[in-house]
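Here's final-v9.cif, which has mmCIF, C-alpha atoms and all ligand atoms:
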```cif
data_model
#
loop_
_atom_site.label_atom_id
_atom_site.label_comp_id
_atom_site.auth_asym_id
_atom_site.auth_seq_id
_atom_site.Cartn_x
_atom_site.Cartn_y
_atom_site.Cartn_z
CA MET A 1 19.22 6.99 -0.66
CA ARG A 2 18.14 7.50 -4.30
CA THR A 3 16.14 10.67 -3.66
CA ASP A 4 16.08 11.35 -7.42
CA ILE A 5 13.98 8.21 -7.95
CA ILE A 6 11.82 8.76 -4.88
CA ASN A 7 11.05 12.40 -5.80
CA TYR A 8 10.22 11.36 -9.36
CA LEU A 9 7.89 8.61 -8.15
CA GLU A 10 6.02 10.91 -5.78
CA LYS A 11 5.26 13.33 -8.64
CA GLU A 12 4.60 10.59 -11.20
CA ILE A 13 2.14 8.72 -8.94
CA TYR A 14 0.33 11.99 -8.18
CA LYS A 15 0.12 12.71 -11.91
CA ARG A 16 -1.20 9.26 -12.80
CA ALA A 17 -3.69 9.32 -9.89
CA SER A 18 -5.00 12.77 -10.96
CA VAL A 19 -6.05 11.95 -14.52
CA THR A 20 -9.76 11.36 -15.05
CA SER A 21 -9.17 7.94 -16.63
CA ASN A 22 -8.00 6.69 -13.21
CA LYS A 23 -11.18 4.98 -12.01
CA PHE A 24 -9.98 4.85 -8.40
CA GLY A 25 -9.87 8.64 -8.07
CA ILE A 26 -7.32 10.82 -6.27
CA GLY A 27 -8.04 8.94 -3.01
CA CYS A 28 -5.66 6.24 -4.18
CA TYR A 29 -2.81 8.77 -4.13
CA TYR A 30 -3.46 9.29 -0.42
CA HIS A 31 -3.63 5.50 0.03
CA ILE A 32 -0.23 5.09 -1.64
CA GLU A 33 1.20 8.01 0.37
CA ALA A 34 0.00 6.29 3.60
CA VAL A 35 1.56 3.00 2.48
CA VAL A 36 4.91 4.76 1.89
CA LYS A 37 4.76 6.36 5.34
CA ASN A 38 3.96 3.09 7.13
CA ALA A 39 6.42 1.08 5.03
CA GLN A 40 9.22 3.45 6.07
CA ILE A 41 8.21 3.21 9.75
CA LEU A 42 8.19 -0.61 9.54
CA ALA A 43 11.50 -0.71 7.66
CA GLN A 44 13.12 1.30 10.46
CA GLU A 45 11.44 -0.83 13.14
CA PHE A 46 12.44 -4.18 11.61
CA GLY A 47 15.77 -3.22 10.01
CA ALA A 48 14.71 -3.65 6.38
CA ASP A 49 16.35 -1.89 3.41
CA GLU A 50 14.53 1.46 3.56
CA GLU A 51 15.29 2.50 -0.01
CA ILE A 52 13.86 -0.72 -1.49
CA VAL A 53 10.79 -0.52 0.73
CA ILE A 54 10.04 3.16 -0.05
CA ILE A 55 10.47 2.72 -3.81
CA ALA A 56 8.33 -0.44 -3.82
CA ALA A 57 5.63 1.26 -1.71
CA TRP A 58 5.34 4.17 -4.19
CA LEU A 59 5.09 1.67 -7.05
CA HIS A 60 2.95 -1.10 -5.52
CA ASP A 61 -0.40 -0.04 -7.06
CA ILE A 62 0.93 1.79 -10.15
CA ALA A 63 -0.71 -0.64 -12.59
CA SER A 64 -4.21 -0.10 -11.12
CA ILE A 65 -4.05 3.68 -11.41
CA THR A 66 -2.43 3.60 -14.85
CA ASP A 67 -4.98 1.33 -16.53
CA TYR A 68 -8.11 -0.08 -14.88
CA SER A 69 -7.96 -3.22 -17.04
CA LEU A 70 -4.70 -4.13 -15.28
CA TYR A 71 -6.33 -4.07 -11.82
CA GLU A 72 -6.95 -7.78 -11.41
CA MET A 73 -3.32 -8.72 -12.03
CA HIS A 74 -1.91 -5.38 -10.87
CA HIS A 75 0.83 -7.03 -8.79
CA ILE A 76 2.30 -8.62 -11.94
CA HIS A 77 1.80 -5.65 -14.26
CA GLY A 78 3.04 -3.32 -11.53
CA ALA A 79 6.29 -5.25 -11.19
CA ASN A 80 6.89 -4.90 -14.94
CA ILE A 81 6.05 -1.18 -15.01
CA ALA A 82 8.40 -0.70 -12.05
CA GLU A 83 11.21 -2.47 -13.87
CA ASN A 84 10.83 -0.19 -16.91
CA ILE A 85 10.83 2.98 -14.81
CA LEU A 86 13.77 1.94 -12.61
CA LYS A 87 15.89 0.90 -15.60
CA GLN A 88 15.55 4.46 -16.94
CA PHE A 89 17.21 5.60 -13.72
CA ASN A 90 20.01 3.02 -14.11
CA TYR A 91 18.96 1.46 -10.83
CA GLU A 92 20.99 -1.69 -10.01
CA GLU A 93 19.44 -4.89 -11.34
CA GLU A 94 19.66 -6.65 -7.99
CA LYS A 95 17.72 -3.83 -6.34
CA ILE A 96 15.18 -3.74 -9.16
CA ASN A 97 14.52 -7.43 -8.53
CA LYS A 98 13.98 -6.80 -4.82
CA VAL A 99 11.51 -3.99 -5.60
CA LYS A 100 9.70 -6.28 -8.05
CA GLU A 101 9.37 -9.01 -5.40
CA CYS A 102 7.80 -6.52 -2.98
CA ILE A 103 5.24 -5.49 -5.62
CA LEU A 104 4.51 -9.08 -6.69
CA ASN A 105 3.83 -10.18 -3.11
CA HIS A 106 2.05 -7.13 -1.68
CA ARG A 107 -1.43 -8.62 -1.87
CA GLY A 108 -1.13 -11.00 1.05
CA SER A 109 -2.10 -14.01 -1.06
CA VAL A 110 1.30 -15.61 -0.55
CA ASN A 111 2.36 -17.39 2.64
CA ASN A 112 3.54 -14.47 4.76
CA ALA A 113 6.21 -16.52 6.52
CA LYS A 114 8.08 -16.99 3.23
CA LEU A 115 8.41 -13.30 2.46
CA THR A 116 11.61 -11.29 2.85
CA ILE A 117 11.56 -8.54 5.45
CA GLU A 118 11.24 -5.89 2.69
CA GLU A 119 8.25 -7.70 1.18
CA LYS A 120 6.60 -7.93 4.61
CA CYS A 121 7.07 -4.19 5.21
CA VAL A 122 5.24 -3.30 1.97
CA ALA A 123 2.46 -5.90 2.39
CA ASP A 124 1.90 -4.91 6.03
CA ALA A 125 2.00 -1.18 5.22
CA ASP A 126 -0.64 -1.77 2.53
CA ALA A 127 -2.91 -3.54 5.05
CA ILE A 128 -2.44 -1.03 7.89
CA SER A 129 -2.95 1.99 5.59
CA HIS A 130 -6.75 1.65 6.02
CA PHE A 131 -6.30 2.79 9.61
CA ASP A 132 -5.01 6.11 8.24
CA SER A 133 -8.06 6.61 6.04
CA ILE A 134 -11.01 5.88 8.33
CA PRO A 135 -12.83 9.06 7.19
CA SER A 136 -12.72 7.73 3.59
CA LEU A 137 -14.12 4.38 4.72
CA LEU A 138 -16.96 6.15 6.56
CA TYR A 139 -17.63 8.26 3.47
CA LEU A 140 -17.79 5.09 1.38
CA ALA A 141 -20.25 3.49 3.82
CA TYR A 142 -22.60 6.43 4.45
CA VAL A 143 -22.40 8.45 1.23
CA ASN A 144 -21.62 5.95 -1.51
CA LYS A 145 -23.32 2.87 -0.06
CA HIS A 146 -26.13 4.75 1.77
CA MET A 147 -25.74 2.56 4.86
CA SER A 148 -27.50 3.15 8.20
CA ILE A 149 -25.38 4.26 11.19
CA GLU A 150 -25.08 0.69 12.48
CA GLU A 151 -24.44 -0.89 9.04
CA GLY A 152 -21.73 1.65 8.29
CA ARG A 153 -20.08 1.11 11.63
CA ASN A 154 -20.02 -2.66 11.12
CA PHE A 155 -18.76 -2.27 7.56
CA VAL A 156 -15.78 -0.18 8.70
CA VAL A 157 -15.06 -2.34 11.77
CA GLU A 158 -15.05 -5.55 9.70
CA LYS A 159 -12.86 -4.01 7.01
CA LEU A 160 -10.34 -2.85 9.60
CA LYS A 161 -10.38 -6.24 11.35
CA ARG A 162 -9.65 -8.03 8.06
CA SER A 163 -6.79 -5.63 7.32
CA TYR A 164 -5.29 -6.07 10.78
CA ASN A 165 -5.51 -9.86 10.53
CA LYS A 166 -3.47 -9.77 7.30
CA LEU A 167 -0.48 -8.34 9.18
CA SER A 168 2.56 -10.42 10.10
CA GLU A 169 2.79 -11.16 13.83
CA PRO A 170 5.51 -8.56 14.60
CA SER A 171 3.47 -5.87 12.80
CA LYS A 172 0.33 -6.88 14.71
CA GLU A 173 2.20 -6.27 17.91
CA PHE A 174 3.71 -3.02 16.61
CA TYR A 175 0.30 -1.62 15.54
CA ASN A 176 -1.71 -3.00 18.48
CA ASP A 177 -2.38 0.45 19.99
CA LYS A 178 -3.44 1.87 16.63
CA TYR A 179 -5.89 -1.03 16.26
CA ASN A 180 -7.34 -0.70 19.77
CA ASN A 181 -7.71 3.09 19.45
CA ALA A 182 -9.62 2.72 16.18
CA MET A 183 -11.90 0.03 17.61
CA GLU A 184 -12.62 2.07 20.71
CA LEU A 185 -13.55 5.09 18.61
CA LEU A 186 -15.86 3.11 16.34
FE FE B 1 -2.54 -3.44 -4.47
FE FE B 2 -2.36 -0.70 -2.03
#
```
Can you present the structure in this file as structure tokens?
Amino acid sequence: MRTDIINYLEKEIYKRASVTSNKFGIGCYYHIEAVVKNAQILAQEFGADEEIVIIAAWLHDIASITDYSLYEMHHIHGANIAENILKQFNYEEEKINKVKECILNHRGSVNNAKLTIEEKCVADADAISHFDSIPSLLYLAYVNKHMSIEEGRNFVVEKLKRSYNKLSEPSKEFYNDKYNNAMELL
């Protein structure tokens, strides 16, 4: 496991998320951290290459937090930024390409069935990460959007349902309890 790269990425993502020019705020660091955690769990569950999945998870939203103007195409810009960083660590080209594929396809816009197992782990971890940040979603609904109790509840429930429905079938099954627990609570 390339812990040198992983340790660097953890610090670098925190640094980039902390600067005031990052329009998404520090919350996106906790989002990325949750994606890494879930991606590693899924990689172990489905036998994916853990190193590729962890590195890609740390890097998947790097373009958005680096420069807001890159947000719309952040999967493409992110793959390029990742390549530059990983080359500085002399990471093998074949592995760099696998990481880039995970970043390019993390947004769930591509036919999920075509993805490699590593790509699925990152895309699914991105979708399920909302279930680890329900307090932030409630804050968004009640504080930022000034919603009523019922509006806020529906907003969060619908967001979580959409995220869950993006998952691949094996991940839906794997996270079924997490989904039901969240729905019961809300
Ligand atoms: Fe993203
Ligand atoms: Fe993300």
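Environment of ligand FE 1 (chain B), defined as every protein or nucleic acid residue with an atom within 7 Å of it and counting all atoms listed in the file, comprises A:His60, A:Asp61, A:His74, A:His75, A:His106, A:Arg107.
Pairwise distance (CA of Glu33 (chain A), CA of Ser18 (chain A)) equals 13.8 Å.
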> Leaving out Asp132 (chain A) and any residue of its chain fewer than 3 positions from it, which residues lie within 8 Å of it when counting only C-alpha atoms, given as a list in words?
Replying inline: Ala34, Ile128 and Ser129 of chain A
Would you mind exporting the chosen residues as a PDB file, in the frame of the given file, restricted to C-alpha atoms?
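Dumped everything to part.pdb:
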```
ATOM      1  CA  ALA A  34       0.000   6.290   3.600  1.00  0.00           C
ATOM      2  CA  ILE A 128      -2.440  -1.030   7.890  1.00  0.00           C
ATOM      3  CA  SER A 129      -2.950   1.990   5.590  1.00  0.00           C
TER       4      SER A 129
END
```
Need the shell around Ala43 (chain A): protein/DNA/RNA residues with any atom at most 10 Å away, counting all atoms listed in the file. Skip same-chain ones fewer than 5 positions apart. Format as a PDB file with C-alpha atoms, keeping the file's coordinate frame?
```pdb
ATOM      1  CA  ASN A  38       3.960   3.090   7.130  1.00  0.00           C
ATOM      2  CA  ALA A  48      14.710  -3.650   6.380  1.00  0.00           C
ATOM      3  CA  ASP A  49      16.350  -1.890   3.410  1.00  0.00           C
ATOM      4  CA  GLU A  50      14.530   1.460   3.560  1.00  0.00           C
ATOM      5  CA  GLU A  51      15.290   2.500  -0.010  1.00  0.00           C
ATOM      6  CA  ILE A  52      13.860  -0.720  -1.490  1.00  0.00           C
ATOM      7  CA  VAL A  53      10.790  -0.520   0.730  1.00  0.00           C
ATOM      8  CA  ILE A  54      10.040   3.160  -0.050  1.00  0.00           C
ATOM      9  CA  ILE A 117      11.560  -8.540   5.450  1.00  0.00           C
ATOM     10  CA  GLU A 118      11.240  -5.890   2.690  1.00  0.00           C
ATOM     11  CA  LYS A 120       6.600  -7.930   4.610  1.00  0.00           C
ATOM     12  CA  CYS A 121       7.070  -4.190   5.210  1.00  0.00           C
ATOM     13  CA  VAL A 122       5.240  -3.300   1.970  1.00  0.00           C
ATOM     14  CA  ALA A 125       2.000  -1.180   5.220  1.00  0.00           C
TER      15      ALA A 125
END
```
With a cut-off of 12 Å, could you pull out the residues of chain A touching ligand FE 2 (chain B) and give me the nearest pair of atoms for each, distance in Å to one decimal, using all atoms listed in the file, ordered by chain and ascending number, as a Markdown table?
```
| residue | atom | partner | partner_atom | distance |
| --- | --- | --- | --- | --- |
| A:Phe24 | CA | B:FE2 | FE | 11.4 |
| A:Gly27 | CA | B:FE2 | FE | 11.2 |
| A:Cys28 | CA | B:FE2 | FE | 8.0 |
| A:Tyr29 | CA | B:FE2 | FE | 9.7 |
| A:Tyr30 | CA | B:FE2 | FE | 10.2 |
| A:His31 | CA | B:FE2 | FE | 6.7 |
| A:Ile32 | CA | B:FE2 | FE | 6.2 |
| A:Glu33 | CA | B:FE2 | FE | 9.7 |
| A:Ala34 | CA | B:FE2 | FE | 9.3 |
| A:Val35 | CA | B:FE2 | FE | 7.0 |
| A:Val36 | CA | B:FE2 | FE | 9.9 |
| A:Asn38 | CA | B:FE2 | FE | 11.8 |
| A:Ala39 | CA | B:FE2 | FE | 11.4 |
| A:Ala56 | CA | B:FE2 | FE | 10.8 |
| A:Ala57 | CA | B:FE2 | FE | 8.2 |
| A:Trp58 | CA | B:FE2 | FE | 9.4 |
| A:Leu59 | CA | B:FE2 | FE | 9.3 |
| A:His60 | CA | B:FE2 | FE | 6.4 |
| A:Asp61 | CA | B:FE2 | FE | 5.4 |
| A:Ile62 | CA | B:FE2 | FE | 9.1 |
| A:Ala63 | CA | B:FE2 | FE | 10.7 |
| A:Ser64 | CA | B:FE2 | FE | 9.3 |
| A:Ile65 | CA | B:FE2 | FE | 10.5 |
| A:Tyr71 | CA | B:FE2 | FE | 11.1 |
| A:His74 | CA | B:FE2 | FE | 10.0 |
| A:His75 | CA | B:FE2 | FE | 9.8 |
| A:Gly78 | CA | B:FE2 | FE | 11.2 |
| A:Cys102 | CA | B:FE2 | FE | 11.7 |
| A:Ile103 | CA | B:FE2 | FE | 9.7 |
| A:Leu104 | CA | B:FE2 | FE | 11.8 |
| A:Asn105 | CA | B:FE2 | FE | 11.4 |
| A:His106 | CA | B:FE2 | FE | 7.8 |
| A:Arg107 | CA | B:FE2 | FE | 8.0 |
| A:Gly108 | CA | B:FE2 | FE | 10.8 |
| A:Val122 | CA | B:FE2 | FE | 9.0 |
| A:Ala123 | CA | B:FE2 | FE | 8.4 |
| A:Asp124 | CA | B:FE2 | FE | 10.0 |
| A:Ala125 | CA | B:FE2 | FE | 8.5 |
| A:Asp126 | CA | B:FE2 | FE | 5.0 |
| A:Ala127 | CA | B:FE2 | FE | 7.6 |
| A:Ile128 | CA | B:FE2 | FE | 9.9 |
| A:Ser129 | CA | B:FE2 | FE | 8.1 |
| A:His130 | CA | B:FE2 | FE | 9.5 |
| A:Ser163 | CA | B:FE2 | FE | 11.5 |
```
Write to file, as a short mmCIF file (atom, residue, chain, number, x, y, z; two decimals), in the coordinates of the input, the residues of the selection just made, with C-alpha atoms.
```
data_model
loop_
_atom_site.label_atom_id
_atom_site.label_comp_id
_atom_site.auth_asym_id
_atom_site.auth_seq_id
_atom_site.Cartn_x
_atom_site.Cartn_y
_atom_site.Cartn_z
CA PHE A 24 -9.98 4.85 -8.40
CA GLY A 27 -8.04 8.94 -3.01
CA CYS A 28 -5.66 6.24 -4.18
CA TYR A 29 -2.81 8.77 -4.13
CA TYR A 30 -3.46 9.29 -0.42
CA HIS A 31 -3.63 5.50 0.03
CA ILE A 32 -0.23 5.09 -1.64
CA GLU A 33 1.20 8.01 0.37
CA ALA A 34 0.00 6.29 3.60
CA VAL A 35 1.56 3.00 2.48
CA VAL A 36 4.91 4.76 1.89
CA ASN A 38 3.96 3.09 7.13
CA ALA A 39 6.42 1.08 5.03
CA ALA A 56 8.33 -0.44 -3.82
CA ALA A 57 5.63 1.26 -1.71
CA TRP A 58 5.34 4.17 -4.19
CA LEU A 59 5.09 1.67 -7.05
CA HIS A 60 2.95 -1.10 -5.52
CA ASP A 61 -0.40 -0.04 -7.06
CA ILE A 62 0.93 1.79 -10.15
CA ALA A 63 -0.71 -0.64 -12.59
CA SER A 64 -4.21 -0.10 -11.12
CA ILE A 65 -4.05 3.68 -11.41
CA TYR A 71 -6.33 -4.07 -11.82
CA HIS A 74 -1.91 -5.38 -10.87
CA HIS A 75 0.83 -7.03 -8.79
CA GLY A 78 3.04 -3.32 -11.53
CA CYS A 102 7.80 -6.52 -2.98
CA ILE A 103 5.24 -5.49 -5.62
CA LEU A 104 4.51 -9.08 -6.69
CA ASN A 105 3.83 -10.18 -3.11
CA HIS A 106 2.05 -7.13 -1.68
CA ARG A 107 -1.43 -8.62 -1.87
CA GLY A 108 -1.13 -11.00 1.05
CA VAL A 122 5.24 -3.30 1.97
CA ALA A 123 2.46 -5.90 2.39
CA ASP A 124 1.90 -4.91 6.03
CA ALA A 125 2.00 -1.18 5.22
CA ASP A 126 -0.64 -1.77 2.53
CA ALA A 127 -2.91 -3.54 5.05
CA ILE A 128 -2.44 -1.03 7.89
CA SER A 129 -2.95 1.99 5.59
CA HIS A 130 -6.75 1.65 6.02
CA SER A 163 -6.79 -5.63 7.32
#
```
>> Taking 4 positions as the minimum chain separation for residues in the same chain, which residues sit within 12 Å of Asn181 (chain A) when counting only C-alpha atoms? Answer as a list in words.
In response: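 Here the qualifying residues turn out to be Phe131, Asp132, Ile134, Val157, Leu160, Tyr175, Asn176, Asp177, Leu185 and Leu186 of chain A.
Here the question is which of A:Glu150, A:Glu101, A:Glu45, A:Glu83 gets nearest to Phe174 (chain A) using only C-alpha atoms, and that residue is A:Glu45.
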> So what do you get for CA of Ile26 (chain A) versus CA of Ser136 (chain A), distance-wise?
Replying inline: 11.7 Å
>> What does the structure give for the distance between CA of Lys15 (chain A) and CA of Phe89 (chain A), in Å to one decimal?
In response: 18.6 Å
>> Just want the 12 Å neighbourhood of Tyr139 (chain A), counted on all atoms listed in the file, with same-chain residues fewer than 2 positions away dropped. Output as a PyMOL selection string.
In response: chain A and resi 27+133-137+141-147+149+152-153+155-156
> Using only C-alpha atoms, which of the listed residues (A:Leu42, A:Leu86, A:Leu140, A:Asn97) sits closest to Ser168 (chain A)?
Replying inline: A:Leu42
>> When you count all atoms listed in the file, which of these residues is closest to Ile81 (chain A): A:Glu158, A:Asp67, A:Glu184, A:Glu169?
In response: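 Nearest to Ile81 (chain A): A:Asp67.
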> Which of these, A:Glu151, A:Ile55, A:Lys100, A:Lys178, has the shortest distance to His77 (chain A) once you count only C-alpha atoms?
Replying inline: A:Lys100
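Closest approach to Ser69 (chain A) among A:Ser21, A:Thr3, A:Gln40, A:Thr116: A:Ser21, based on all atoms listed in the file.
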